[in-house]
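Structure below is data-v6.txt: compact mmCIF, C-alpha atoms.
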```
# COMPACT_ATOMS: atom_id res chain seq x y z
CA MET M 248 29.88 16.31 -12.94
CA THR M 249 29.46 13.83 -10.08
CA THR M 250 28.07 14.97 -6.73
CA GLU M 251 29.46 13.27 -3.61
CA PHE M 252 27.39 12.17 -0.59
CA ASP M 253 27.68 9.82 2.34
CA VAL M 254 24.36 8.13 1.49
CA LEU M 255 22.15 8.14 -1.59
CA ILE M 256 18.52 7.03 -1.24
CA VAL M 257 16.45 5.92 -4.24
CA GLY M 258 12.81 6.87 -3.75
CA ALA M 259 10.96 9.50 -1.70
CA GLY M 260 8.13 7.30 -0.51
CA ALA M 261 7.53 6.66 3.17
CA ALA M 262 10.55 4.35 3.52
CA GLY M 263 12.97 6.68 1.75
CA LEU M 264 11.82 9.77 3.60
CA ALA M 265 11.92 8.07 7.01
CA ALA M 266 15.44 6.81 6.36
CA GLY M 267 16.57 10.11 4.87
CA ARG M 268 15.38 12.13 7.82
CA LEU M 269 17.15 9.87 10.33
CA LEU M 270 20.40 9.89 8.35
CA ALA M 271 20.40 13.64 7.72
CA GLU M 272 19.63 14.40 11.35
CA SER M 273 22.56 12.14 12.27
CA GLY M 274 24.87 14.44 10.35
CA LEU M 275 25.39 12.40 7.18
CA ARG M 276 25.43 14.08 3.78
CA THR M 277 22.31 12.49 2.37
CA ALA M 278 20.41 12.88 -0.89
CA ILE M 279 17.10 11.36 -1.97
CA LEU M 280 16.59 10.80 -5.69
CA GLU M 281 12.89 10.62 -6.55
CA ALA M 282 11.56 9.74 -10.01
CA ARG M 283 8.27 11.63 -9.61
CA ASP M 284 7.66 15.37 -9.36
CA ARG M 285 6.36 14.89 -5.81
CA VAL M 286 7.14 13.00 -2.62
CA GLY M 287 5.00 10.25 -1.12
CA GLY M 288 5.30 7.39 -3.60
CA ARG M 289 2.12 5.33 -3.29
CA ILE M 290 0.61 7.97 -1.01
CA LEU M 291 -1.23 10.11 -3.53
CA THR M 292 -3.78 12.73 -2.42
CA GLN M 293 -5.72 15.08 -4.65
CA HIS M 294 -7.44 18.07 -3.08
CA VAL M 295 -10.65 18.92 -4.91
CA ALA M 296 -13.48 21.38 -4.44
CA ALA M 297 -16.71 19.76 -3.27
CA GLY M 298 -19.68 21.06 -1.35
CA GLY M 299 -18.20 24.54 -0.96
CA ARG M 300 -14.88 23.32 0.49
CA ARG M 301 -11.78 21.41 -0.52
CA ILE M 302 -11.64 17.75 0.41
CA PRO M 303 -8.80 15.22 0.17
CA ILE M 304 -9.22 12.42 -2.34
CA GLU M 305 -6.97 9.45 -1.59
CA LEU M 306 -5.85 7.54 -4.66
CA GLY M 307 -3.16 5.52 -2.90
CA ALA M 308 -2.75 4.69 0.78
CA GLU M 309 -5.76 5.99 2.68
CA PHE M 310 -5.99 4.45 6.14
CA ILE M 311 -3.87 4.08 9.24
CA HIS M 312 -4.66 0.54 10.34
CA GLY M 313 -4.66 0.34 14.12
CA LEU M 314 -2.11 1.98 16.38
CA PRO M 315 1.30 1.45 14.75
CA ARG M 316 3.96 3.39 16.62
CA ALA M 317 5.82 4.59 13.50
CA SER M 318 2.78 6.27 11.93
CA TRP M 319 1.30 7.77 15.09
CA ALA M 320 4.64 9.23 16.19
CA ILE M 321 4.70 11.32 13.01
CA VAL M 322 1.01 12.20 13.21
CA ARG M 323 1.52 13.56 16.72
CA GLU M 324 4.81 15.31 16.01
CA ALA M 325 3.37 17.03 12.93
CA HIS M 326 0.07 17.78 14.71
CA LEU M 327 -1.90 16.14 11.90
CA PRO M 328 -5.64 15.92 12.56
CA ALA M 329 -6.91 12.35 12.38
CA TYR M 330 -10.18 10.60 13.11
CA GLU M 331 -11.36 7.04 13.52
CA LEU M 332 -13.81 5.65 11.01
CA GLU M 333 -17.33 5.21 12.32
CA GLY M 334 -20.65 4.22 10.87
CA SER M 335 -22.58 1.18 9.76
CA GLN M 336 -21.52 -1.72 7.59
CA LEU M 337 -24.03 -3.14 5.16
CA ARG M 338 -24.33 -5.82 2.50
CA LEU M 339 -26.58 -4.99 -0.45
CA GLN M 340 -27.79 -6.80 -3.53
CA ASP M 341 -30.24 -5.36 -6.05
CA GLY M 342 -31.36 -2.67 -3.66
CA ARG M 343 -32.07 -5.09 -0.81
CA PRO M 344 -30.02 -5.43 2.37
CA LEU M 345 -28.52 -8.81 3.13
CA THR M 346 -28.83 -8.71 6.88
CA GLU M 347 -28.10 -12.31 7.82
CA ASP M 348 -25.12 -12.90 10.05
CA GLU M 349 -21.94 -14.30 8.61
CA PRO M 350 -22.56 -18.04 8.17
CA ARG M 351 -20.61 -20.66 10.01
CA GLY M 352 -17.38 -21.11 8.08
CA GLY M 353 -17.37 -17.48 6.89
CA PRO M 354 -14.17 -15.55 6.07
CA HIS M 355 -13.26 -14.43 9.59
CA GLU M 356 -13.94 -17.81 11.15
CA ILE M 357 -11.88 -19.52 8.45
CA LEU M 358 -8.97 -17.14 9.02
CA GLU M 359 -9.09 -17.63 12.78
CA GLY M 360 -9.19 -21.38 12.29
CA MET M 361 -6.25 -21.15 9.89
CA VAL M 362 -4.12 -19.38 12.51
CA ASP M 363 -4.99 -22.00 15.14
CA TRP M 364 -4.36 -24.89 12.71
CA LEU M 365 -0.97 -23.54 11.69
CA THR M 366 0.27 -23.32 15.27
CA LYS M 367 -0.13 -27.10 15.54
CA GLN M 368 1.87 -27.87 12.39
CA PRO M 369 5.63 -28.50 12.07
CA PRO M 370 7.81 -25.38 11.57
CA GLY M 371 7.95 -24.26 7.96
CA CYS M 372 4.49 -25.55 7.06
CA ASP M 373 2.95 -23.42 4.32
CA MET M 374 0.52 -23.64 1.43
CA SER M 375 -1.62 -21.27 -0.56
CA PHE M 376 -4.81 -20.00 1.03
CA ALA M 377 -6.85 -21.73 -1.69
CA GLN M 378 -5.14 -25.04 -0.90
CA TYR M 379 -5.84 -24.60 2.79
CA VAL M 380 -9.53 -23.85 2.26
CA GLU M 381 -9.86 -26.89 0.00
CA SER M 382 -8.10 -29.07 2.60
CA ILE M 383 -10.56 -28.22 5.39
CA GLY M 384 -13.55 -29.05 3.24
CA VAL M 385 -15.79 -26.00 3.74
CA GLY M 386 -18.76 -25.49 1.46
CA ALA M 387 -18.40 -23.71 -1.85
CA PRO M 388 -20.15 -20.46 -0.74
CA SER M 389 -17.94 -20.13 2.34
CA ALA M 390 -14.81 -20.97 0.36
CA GLU M 391 -15.66 -18.34 -2.24
CA ALA M 392 -16.44 -15.69 0.39
CA ALA M 393 -13.18 -16.37 2.24
CA GLY M 394 -11.17 -16.27 -0.97
CA ASN M 395 -12.78 -13.02 -2.05
CA TYR M 396 -12.04 -11.46 1.35
CA VAL M 397 -8.37 -12.45 1.32
CA GLU M 398 -7.91 -11.33 -2.27
CA GLY M 399 -9.67 -8.01 -1.75
CA PHE M 400 -7.90 -7.07 1.49
CA ASN M 401 -4.43 -8.21 0.45
CA ALA M 402 -4.66 -7.34 -3.27
CA ALA M 403 -3.48 -10.92 -3.71
CA GLU M 404 -4.28 -14.14 -5.53
CA LYS M 405 -5.73 -16.79 -3.24
CA ASN M 406 -3.87 -19.43 -5.25
CA ARG M 407 -0.53 -17.76 -4.41
CA ILE M 408 -0.70 -16.00 -1.04
CA GLY M 409 0.66 -18.23 1.73
CA ILE M 410 -1.11 -19.09 4.95
CA ALA M 411 2.14 -18.73 6.93
CA SER M 412 2.31 -15.05 5.99
CA LEU M 413 -1.43 -14.59 6.54
CA ALA M 414 -1.14 -16.04 10.04
CA ARG M 415 1.80 -13.80 10.91
CA GLN M 416 -0.09 -10.83 9.51
CA GLN M 417 -3.18 -11.66 11.55
CA ARG M 418 -1.18 -11.84 14.77
CA ALA M 419 0.63 -8.58 13.92
CA GLU M 420 -2.67 -6.79 13.29
CA ASP M 421 -4.12 -8.03 16.56
CA ALA M 422 -1.10 -6.61 18.41
CA ILE M 423 -1.78 -3.07 17.14
CA GLU M 424 -5.60 -3.19 17.19
CA GLY M 425 -5.61 -3.40 13.42
CA ASP M 426 -9.39 -3.69 13.30
CA ARG M 427 -9.52 0.02 14.16
CA VAL M 428 -9.16 2.27 11.12
CA PHE M 429 -8.15 5.94 11.02
CA ARG M 430 -7.84 8.64 8.40
CA ILE M 431 -5.79 11.87 8.34
CA SER M 432 -8.52 14.43 7.78
CA THR M 433 -6.39 16.92 5.84
CA GLY M 434 -5.06 14.19 3.54
CA TYR M 435 -2.46 11.43 3.85
CA ASP M 436 0.00 13.47 1.77
CA ALA M 437 0.60 15.67 4.83
CA LEU M 438 2.67 12.85 6.35
CA PRO M 439 5.33 12.51 3.59
CA GLN M 440 5.37 16.28 3.13
CA PHE M 441 6.24 16.68 6.82
CA LEU M 442 9.02 14.09 6.57
CA ALA M 443 10.41 15.79 3.47
CA ALA M 444 10.42 19.17 5.21
CA GLN M 445 12.26 17.71 8.20
CA PHE M 446 14.74 16.01 5.90
CA THR M 447 15.66 19.19 4.04
CA LYS M 448 15.67 21.18 7.29
CA ALA M 449 18.37 18.79 8.54
CA GLY M 450 20.48 19.49 5.44
CA GLY M 451 19.29 16.67 3.20
CA VAL M 452 19.13 17.17 -0.56
CA LEU M 453 15.89 16.19 -2.31
CA GLU M 454 16.05 15.73 -6.08
CA LEU M 455 12.67 15.33 -7.78
CA GLN M 456 12.14 14.08 -11.34
CA ALA M 457 15.37 12.14 -10.98
CA PRO M 458 14.62 8.52 -11.95
CA VAL M 459 17.60 6.30 -11.20
CA ARG M 460 18.34 3.95 -14.06
CA LYS M 461 21.73 2.45 -13.13
CA ILE M 462 23.60 1.69 -9.92
CA GLU M 463 27.25 0.80 -10.35
CA TRP M 464 28.86 -0.27 -7.13
CA ARG M 465 31.78 -1.87 -5.41
CA SER M 466 32.46 -2.32 -1.72
CA GLY M 467 32.28 1.08 -0.05
CA GLU M 468 31.17 3.04 -3.13
CA ALA M 469 28.07 3.39 -5.31
CA THR M 470 27.55 5.58 -8.38
CA LEU M 471 23.98 6.29 -9.46
CA SER M 472 23.03 7.39 -12.97
CA VAL M 473 19.81 9.34 -13.46
CA ARG M 474 17.70 9.50 -16.60
CA GLY M 475 17.49 13.00 -18.09
CA ALA M 476 19.87 15.74 -19.08
CA ASN M 477 19.34 17.93 -16.00
CA HIS M 478 21.22 15.68 -13.63
CA GLY M 479 24.84 14.71 -13.32
CA GLY M 480 26.09 11.58 -11.63
CA PHE M 481 25.77 10.88 -7.91
CA ARG M 482 28.31 9.00 -5.80
CA ALA M 483 28.19 7.88 -2.19
CA LYS M 484 29.64 5.41 0.28
CA ARG M 485 26.23 3.78 0.70
CA ALA M 486 23.10 3.46 -1.45
CA LEU M 487 19.66 2.66 -0.05
CA VAL M 488 17.06 1.45 -2.57
CA THR M 489 13.44 1.94 -1.50
CA VAL M 490 11.55 1.54 -4.79
CA PRO M 491 8.35 -0.59 -4.81
CA LEU M 492 8.73 -4.33 -5.25
CA GLY M 493 7.21 -4.19 -8.73
CA VAL M 494 9.88 -1.76 -9.93
CA LEU M 495 12.65 -3.86 -8.41
CA GLN M 496 11.29 -7.00 -10.06
CA SER M 497 11.03 -5.29 -13.46
CA ASP M 498 14.77 -4.59 -13.64
CA ALA M 499 13.97 -0.94 -14.37
CA ILE M 500 17.10 -0.15 -12.36
CA GLU M 501 20.24 -1.76 -13.74
CA PHE M 502 22.69 -2.97 -11.11
CA GLN M 503 26.35 -3.52 -11.97
CA PRO M 504 27.10 -6.07 -10.60
CA ARG M 505 23.71 -7.60 -9.86
CA PRO M 506 23.08 -8.24 -6.13
CA GLU M 507 21.45 -11.62 -6.65
CA GLN M 508 21.25 -12.21 -2.87
CA ILE M 509 18.58 -9.45 -2.93
CA LEU M 510 17.02 -9.91 -6.36
CA VAL M 511 16.36 -13.65 -5.94
CA PRO M 512 14.21 -13.27 -2.79
CA ALA M 513 12.59 -10.20 -4.36
CA ARG M 514 11.39 -12.39 -7.22
CA ALA M 515 9.89 -14.84 -4.70
CA LEU M 516 7.50 -12.14 -3.45
CA ALA M 517 4.47 -10.83 -5.34
CA MET M 518 3.10 -7.40 -6.17
CA GLY M 519 -0.65 -7.17 -5.79
CA ALA M 520 -3.21 -5.53 -8.06
CA ALA M 521 -5.86 -3.03 -6.97
CA VAL M 522 -8.32 -0.68 -8.63
CA ARG M 523 -9.79 2.26 -6.72
CA VAL M 524 -12.30 4.76 -8.08
CA VAL M 525 -13.44 7.70 -5.96
CA LEU M 526 -16.87 9.05 -6.91
CA VAL M 527 -17.59 12.58 -5.71
CA PHE M 528 -21.30 13.40 -5.77
CA ARG M 529 -23.21 16.66 -5.39
CA THR M 530 -25.26 15.33 -2.47
CA ARG M 531 -25.36 12.32 -0.17
CA PHE M 532 -28.34 11.06 -2.16
CA TRP M 533 -27.99 7.48 -0.92
CA THR M 534 -29.17 8.53 2.55
CA GLU M 535 -32.59 9.30 1.10
CA ILE M 536 -33.25 5.93 -0.57
CA PRO M 537 -36.48 4.58 0.98
CA GLY M 538 -36.15 1.38 2.95
CA LEU M 539 -32.34 1.35 3.18
CA PRO M 540 -30.49 2.29 6.40
CA LEU M 541 -27.75 4.33 4.71
CA GLU M 542 -27.65 7.54 6.76
CA ASP M 543 -24.49 6.48 8.62
CA LEU M 544 -23.09 4.11 6.00
CA SER M 545 -19.35 3.54 6.31
CA PHE M 546 -18.54 0.28 4.47
CA LEU M 547 -20.70 -1.40 1.86
CA SER M 548 -20.28 -4.91 0.48
CA THR M 549 -22.00 -5.89 -2.77
CA PRO M 550 -21.48 -9.65 -3.19
CA GLY M 551 -21.32 -10.91 -6.73
CA SER M 552 -20.30 -7.61 -8.29
CA THR M 553 -17.01 -6.03 -9.26
CA PRO M 554 -16.14 -3.84 -7.45
CA ALA M 555 -17.61 -5.58 -4.41
CA THR M 556 -16.27 -3.21 -1.72
CA TRP M 557 -17.27 0.43 -1.22
CA TRP M 558 -16.81 2.98 1.53
CA THR M 559 -17.73 6.53 2.43
CA SER M 560 -15.77 9.07 4.47
CA MET M 561 -17.87 8.61 7.63
CA PRO M 562 -17.97 10.17 10.14
CA ASP M 563 -16.98 12.97 7.76
CA ARG M 564 -20.10 13.57 5.70
CA SER M 565 -18.51 14.48 2.39
CA ALA M 566 -20.58 13.25 -0.54
CA LEU M 567 -18.15 10.66 -1.83
CA ILE M 568 -18.09 6.90 -2.28
CA THR M 569 -14.95 4.91 -3.01
CA ALA M 570 -15.06 1.73 -5.07
CA TRP M 571 -12.37 -0.93 -4.47
CA ALA M 572 -11.33 -4.16 -6.13
CA GLY M 573 -8.23 -6.15 -5.23
CA GLY M 574 -6.40 -9.18 -6.58
CA PRO M 575 -7.56 -11.02 -9.72
CA ARG M 576 -10.80 -9.04 -9.85
CA ALA M 577 -8.79 -5.84 -10.02
CA SER M 578 -6.59 -7.26 -12.78
CA ALA M 579 -9.66 -8.36 -14.74
CA LEU M 580 -11.33 -4.98 -14.25
CA ALA M 581 -8.20 -3.16 -15.40
CA ARG M 582 -8.00 -5.31 -18.54
CA MET M 583 -11.70 -4.89 -19.30
CA THR M 584 -11.89 -1.14 -18.70
CA ALA M 585 -8.95 1.11 -19.42
CA PRO M 586 -8.74 3.86 -16.77
CA GLY M 587 -11.18 6.10 -18.65
CA GLU M 588 -14.92 6.47 -19.13
CA ALA M 589 -15.45 2.71 -19.43
CA LEU M 590 -14.15 2.23 -15.87
CA LEU M 591 -16.42 4.99 -14.59
CA GLU M 592 -19.48 3.54 -16.34
CA HIS M 593 -18.73 0.09 -14.97
CA CYS M 594 -18.50 1.39 -11.39
CA LEU M 595 -21.63 3.53 -11.68
CA ALA M 596 -23.56 0.58 -13.08
CA ALA M 597 -22.37 -1.71 -10.25
CA LEU M 598 -23.25 0.86 -7.58
CA GLY M 599 -26.61 1.56 -9.20
CA ARG M 600 -27.51 -2.14 -9.18
CA ALA M 601 -26.55 -2.45 -5.53
CA LEU M 602 -28.59 0.59 -4.51
CA GLY M 603 -31.51 -0.27 -6.79
CA LEU M 604 -31.14 3.02 -8.66
CA PRO M 605 -30.93 3.76 -12.39
CA ILE M 606 -27.47 4.71 -13.59
CA SER M 607 -28.94 7.96 -14.93
CA LYS M 608 -29.61 9.03 -11.31
CA LEU M 609 -25.95 8.45 -10.38
CA ARG M 610 -24.69 10.27 -13.47
CA ALA M 611 -26.87 13.27 -12.62
CA GLU M 612 -25.49 13.34 -9.07
CA LEU M 613 -21.84 12.86 -10.06
CA ALA M 614 -19.66 15.95 -9.63
CA SER M 615 -16.26 14.38 -10.39
CA TRP M 616 -14.42 11.08 -10.29
CA HIS M 617 -10.82 10.17 -9.63
CA THR M 618 -8.56 7.16 -10.10
CA HIS M 619 -4.91 6.27 -10.57
CA ASP M 620 -3.64 3.29 -12.54
CA TRP M 621 -1.00 1.82 -10.21
CA LEU M 622 -0.66 -1.27 -12.38
CA ARG M 623 0.60 0.79 -15.33
CA ASP M 624 2.42 3.42 -13.26
CA GLU M 625 6.08 2.85 -14.20
CA PHE M 626 7.23 3.95 -10.76
CA ALA M 627 4.96 1.50 -8.90
CA LEU M 628 3.89 -1.40 -11.18
CA GLY M 629 1.30 -2.58 -8.70
CA ALA M 630 -0.50 -1.69 -5.49
CA TYR M 631 1.41 -3.35 -2.65
CA SER M 632 3.23 -6.59 -1.92
CA TYR M 633 2.21 -9.92 -0.44
CA VAL M 634 4.06 -13.11 0.45
CA PRO M 635 3.30 -16.24 -1.61
CA ALA M 636 3.40 -19.73 -0.13
CA GLY M 637 6.96 -20.81 0.52
CA ALA M 638 8.37 -17.26 0.43
CA LEU M 639 8.16 -16.25 4.08
CA TYR M 640 11.96 -16.13 4.20
CA ALA M 641 12.19 -13.47 1.48
CA PRO M 642 11.46 -10.16 3.29
CA GLU M 643 14.13 -10.82 5.93
CA ARG M 644 16.75 -11.80 3.36
CA MET M 645 16.14 -8.50 1.58
CA THR M 646 17.16 -6.62 4.72
CA CYS M 647 20.72 -7.96 4.64
CA PRO M 648 23.23 -5.28 3.47
CA VAL M 649 25.26 -6.15 0.40
CA GLU M 650 28.94 -5.67 1.30
CA ASN M 651 27.97 -2.78 3.60
CA THR M 652 27.26 -0.78 0.44
CA LEU M 653 23.78 -1.58 -0.91
CA TYR M 654 20.75 -1.50 1.39
CA PHE M 655 17.09 -2.13 0.63
CA ALA M 656 13.88 -0.96 2.30
CA GLY M 657 10.16 -0.68 1.56
CA GLU M 658 6.97 -2.31 2.81
CA HIS M 659 7.95 -5.58 1.12
CA THR M 660 11.01 -5.85 3.42
CA ASP M 661 9.05 -5.44 6.64
CA LEU M 662 10.03 -7.78 9.47
CA SER M 663 6.87 -7.39 11.56
CA ALA M 664 4.37 -8.88 9.04
CA HIS M 665 2.64 -5.58 8.26
CA TRP M 666 3.38 -5.87 4.53
CA GLY M 667 1.48 -3.50 2.29
CA THR M 668 1.14 -0.69 4.85
CA VAL M 669 2.65 2.74 5.32
CA HIS M 670 3.83 1.88 8.81
CA ALA M 671 5.70 -1.12 7.40
CA ALA M 672 7.45 1.20 4.94
CA LEU M 673 8.33 3.66 7.71
CA ASP M 674 9.73 0.93 9.96
CA SER M 675 11.76 -0.52 7.10
CA GLY M 676 13.27 2.90 6.41
CA TYR M 677 14.27 3.37 10.03
CA ARG M 678 15.71 -0.15 10.14
CA ALA M 679 17.81 0.41 7.02
CA ALA M 680 19.00 3.83 8.20
CA ARG M 681 20.18 2.38 11.50
CA SER M 682 22.03 -0.32 9.60
CA VAL M 683 23.74 2.31 7.43
CA LEU M 684 24.72 4.33 10.50
CA SER M 685 26.13 1.24 12.17
CA SER M 686 28.24 0.37 9.11
CA LEU M 687 29.71 3.87 8.88
CA GLU M 688 30.48 4.03 12.59
CA CYS M 689 32.12 0.58 12.70
CA PRO M 690 35.90 0.69 12.11
CA GLY M 691 36.99 -1.28 9.09
CA SER M 692 33.49 -1.40 7.62
CA GLU M 693 34.58 -0.02 4.24
```

The structure given in the file should be rewritten as structure tokens.
Amino acid sequence: MTTEFDVLIVGAGAAGLAAGRLLAESGLRTAILEARDRVGGRILTQHVAAGGRRIPIELGAEFIHGLPRASWAIVREAHLPAYELEGSQLRLQDGRPLTEDEPRGGPHEILEGMVDWLTKQPPGCDMSFAQYVESIGVGAPSAEAAGNYVEGFNAAEKNRIGIASLARQQRAEDAIEGDRVFRISTGYDALPQFLAAQFTKAGGVLELQAPVRKIEWRSGEATLSVRGANHGGFRAKRALVTVPLGVLQSDAIEFQPRPEQILVPARALAMGAAVRVVLVFRTRFWTEIPGLPLEDLSFLSTPGSTPATWWTSMPDRSALITAWAGGPRASALARMTAPGEALLEHCLAALGRALGLPISKLRAELASWHTHDWLRDEFALGAYSYVPAGALYAPERMTCPVENTLYFAGEHTDLSAHWGTVHAALDSGYRAARSVLSSLECPGSE
């Protein structure tokens, strides 16, 4: 049996839910088909008992970067409690603080110089970040530090990510005060859950555990086939695909016929790698280490180790520390340590070396640990997208409707250079939904 709709949306992540809500509230018969048994996509929150209360553990998206309108509109409408991160930032090595200021030619200065340099070049100038750093002739330590920063923040490879996209991203972050960082105190999953509730309240149909495996389409009609015996077919006038870039690139969804005008630019983009491990301890023992100013620690950098980036939940004083690795270091860590005890031991050893503590002390303090393997997750196949050198055209091309029938959204299709963020996904969903509405309202659009 085939169920008929006006619009079918593939994926109940931020993009799919934002689009679905707008379409359902506009009166269209809309269904979202989600492969997982939950909404949120790469927003994944676990709520665990710790210190006599339940705390949110973020295994996917965690922060709201700056003041993006799309995210804050939902936070305010849903009355979600949020707070800005506060506390100290510290660099440690072998239990000793590295307190010297960033050297001349450090990561931030190199990035600022890159933006200025690019504005003086002919239109279309692009190269990899590694090529740019080599071209300006900075010293090896500064080049390595800048490369590590770009790879860690963007979950990218410095030999692939383009400076044109980095410059656009830098300007976009400045426009929304992206250096300010916020967290939803009850857990990021409250945001997609609110959108899902509003979607179904407006009459939308949400189908979980419904992985789409085939989309057969012709102008004005799309039929979606779902894996599993509990679902029939789904047919609609329009189909909006919001799966992560890695899934789209893997051909996990079969298109008949193939929309090469979308799939070609999709292959030009890249899906980044990241490993995150959240360590929940019994106490905030690090605040009592003699000689280290860790009482208000927020972010910790441990140069030369993997992971090299750590953070706490400050100003919330939960006893947890998150370990983060992005880009090639994350890929290497994932290959070296399957997401089991070996990964935990590696992170505890790295943190112990940084703090100057024996690993036995950290094991004794550990209450639980949490991770999610996004690289091997068949419904993600990576952390988030970035734009390689020469591919700045690709996100915009992916926003073009295919014969007013197939539409695509997701953070990788963002037009404002906020790739890899929840607010980019939300904006892309709204953009695609408006395009669908326009096509259905326009006479002769079939």

Q: Rank M:Glu625, M:Glu309, M:Glu501, M:Glu324 by their smallest atom-to-atom distance to M:Ala282, using only C-alpha atoms, and report the top residue only.
A: M:Glu625

Q: Tell me which protein, DNA and RNA residues are within 8 Å of M:Gly307, counting all atoms listed in the file, leaving out same-chain ones fewer than 5 positions away, and put them as a ChimeraX atom specification.
A: /M:289-292,619

How close does stretch 290-381 of chain M get to stretch 581-605 of chain M? List, as a Markdown table, each residue of stretch 290-381 of chain M within 8 Å, its nearest atom pair and the distance in Å to one decimal, counting only C-alpha atoms.
```
| residue | atom | partner | partner_atom | distance |
| --- | --- | --- | --- | --- |
| M:Leu339 | CA | M:Ala601 | CA | 5.7 |
| M:Gln340 | CA | M:Ala601 | CA | 4.9 |
| M:Asp341 | CA | M:Ala601 | CA | 4.7 |
| M:Gly342 | CA | M:Gly603 | CA | 3.9 |
| M:Arg343 | CA | M:Leu602 | CA | 7.6 |
```

Q) Interatomic distance between atom CA of M:Ala329 and atom CA of M:Ser432? A) 5.3 Å

Considering all atoms listed in the file, give me a table of residues in stretch 324-423 of chain M that are at most 12 Å from stretch 636-657 of chain M, with the closest atom pair and distance in Å for each, as a tab-separated table.
```
residue	atom	partner	partner_atom	distance
M:Pro370	CA	M:Leu639	CA	11.8
M:Gly371	CA	M:Gly637	CA	8.3
M:Cys372	CA	M:Gly637	CA	8.4
M:Asp373	CA	M:Ala636	CA	5.8
M:Met374	CA	M:Ala636	CA	5.1
M:Ser375	CA	M:Ala636	CA	5.3
M:Phe376	CA	M:Ala636	CA	8.3
M:Ala377	CA	M:Ala636	CA	10.6
M:Gln378	CA	M:Ala636	CA	10.1
M:Tyr379	CA	M:Ala636	CA	10.8
M:Ala403	CA	M:Ala636	CA	11.7
M:Glu404	CA	M:Ala636	CA	10.9
M:Lys405	CA	M:Ala636	CA	10.1
M:Asn406	CA	M:Ala636	CA	8.9
M:Arg407	CA	M:Ala636	CA	6.1
M:Ile408	CA	M:Ala636	CA	5.6
M:Gly409	CA	M:Ala636	CA	3.6
M:Ile410	CA	M:Ala636	CA	6.8
M:Ala411	CA	M:Leu639	CA	7.1
M:Ser412	CA	M:Leu639	CA	6.3
M:Leu413	CA	M:Ala636	CA	9.7
M:Ala414	CA	M:Leu639	CA	11.0
M:Arg415	CA	M:Leu639	CA	9.6
M:Gln416	CA	M:Leu639	CA	11.3
```

(Q) Show me the residues around (4.5, 5.0, 4.5) - criterion: an atom at most 9 Å away, all atoms listed in the file counted - as a ChimeraX atom specification. (A) /M:260-262,264-265,287-290,308,318,438-439,657-658,668-674

Q. For M:Asn401, which of M:Gln417, M:Val295, M:Ser548, M:Val428 is the closest residue, counting all atoms listed in the file?
A.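 Of M:Gln417, M:Val295, M:Ser548, M:Val428, the one nearest M:Asn401, counting all atoms listed in the file, is M:Gln417.
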
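Comparing the minimum interatomic distances between M:Arg564 and each of M:Val397, M:Pro491, M:Asp620, M:Leu332, counting all atoms listed in the file, we find that M:Leu332 sits nearest.
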
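Computed from the coordinates, the atom CA of M:Ser545 to atom CA of M:Arg529 distance equals 18.0 Å.
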
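From atom CA of M:Leu453 back to atom CA of M:Ile509, the distance works out to 25.8 Å.
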
Taking a cut-off of 10 Å and counting only C-alpha atoms, can you build a table that, for each residue of stretch 483-549 of chain M near stretch 296-301 of chain M, reports the nearest atom pair and how far apart they are in Å (one decimal), sorted by chain then residue number, as CSV?
```
residue,atom,partner,partner_atom,distance
M:Val527,CA,M:Ala297,CA,7.6
M:Phe528,CA,M:Ala297,CA,8.2
M:Arg529,CA,M:Gly298,CA,6.9
M:Thr530,CA,M:Gly298,CA,8.1
```

Output of the above residues as a PDB file, in the coordinates of the input, restricted to C-alpha atoms:
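Saved file part-v1.pdb follows:
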```
ATOM      1  CA  VAL M 527     -17.590  12.580  -5.710  1.00  0.00           C
ATOM      2  CA  PHE M 528     -21.300  13.400  -5.770  1.00  0.00           C
ATOM      3  CA  ARG M 529     -23.210  16.660  -5.390  1.00  0.00           C
ATOM      4  CA  THR M 530     -25.260  15.330  -2.470  1.00  0.00           C
TER       5      THR M 530
END
```

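Take the candidates M:Pro315, M:Gly629, M:Pro458, M:Gly676 and check each one against M:Ser578 using all atoms listed in the file; the shortest distance goes to M:Gly629.
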
Q.
If we count all atoms listed in the file and set the cut-off at 7 Å, which residues sit around M:His617, ignoring sequence neighbours fewer than 6 positions away in its own chain? Please answer as number ranges by chain.
A. M: 524-526

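Closest approach to M:Leu280 among M:Asp661, M:Glu454, M:Glu305, M:Asp498: M:Glu454, based on all atoms listed in the file.
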
Q | Exercise: stretch 555-559 of chain M partners within 7 Å, all atoms listed in the file, chain neighbours under 4 positions left out, as a list of chain:residue names | A |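 The residues satisfying every condition are M:Leu544, M:Ser545, M:Phe546, M:Leu547, M:Ser548, M:Thr549, M:Pro550, M:Gly551, M:Leu567, M:Ile568, M:Thr569, M:Ala570, M:Trp571, M:Ala572.
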
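For the set M:Leu622, M:Val683, M:Ala449, M:Leu314, the residue with the smallest atom-to-atom gap to M:Ile423 is M:Leu314, counting all atoms listed in the file.
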
Q: Write out as a PyMOL selection string the residues lying within 9 Å of M:Ala393, counting all atoms listed in the file and excluding same-chain residues fewer than 2 positions away.
A: chain M and resi 352-355+357-358+380+388-391+395-398
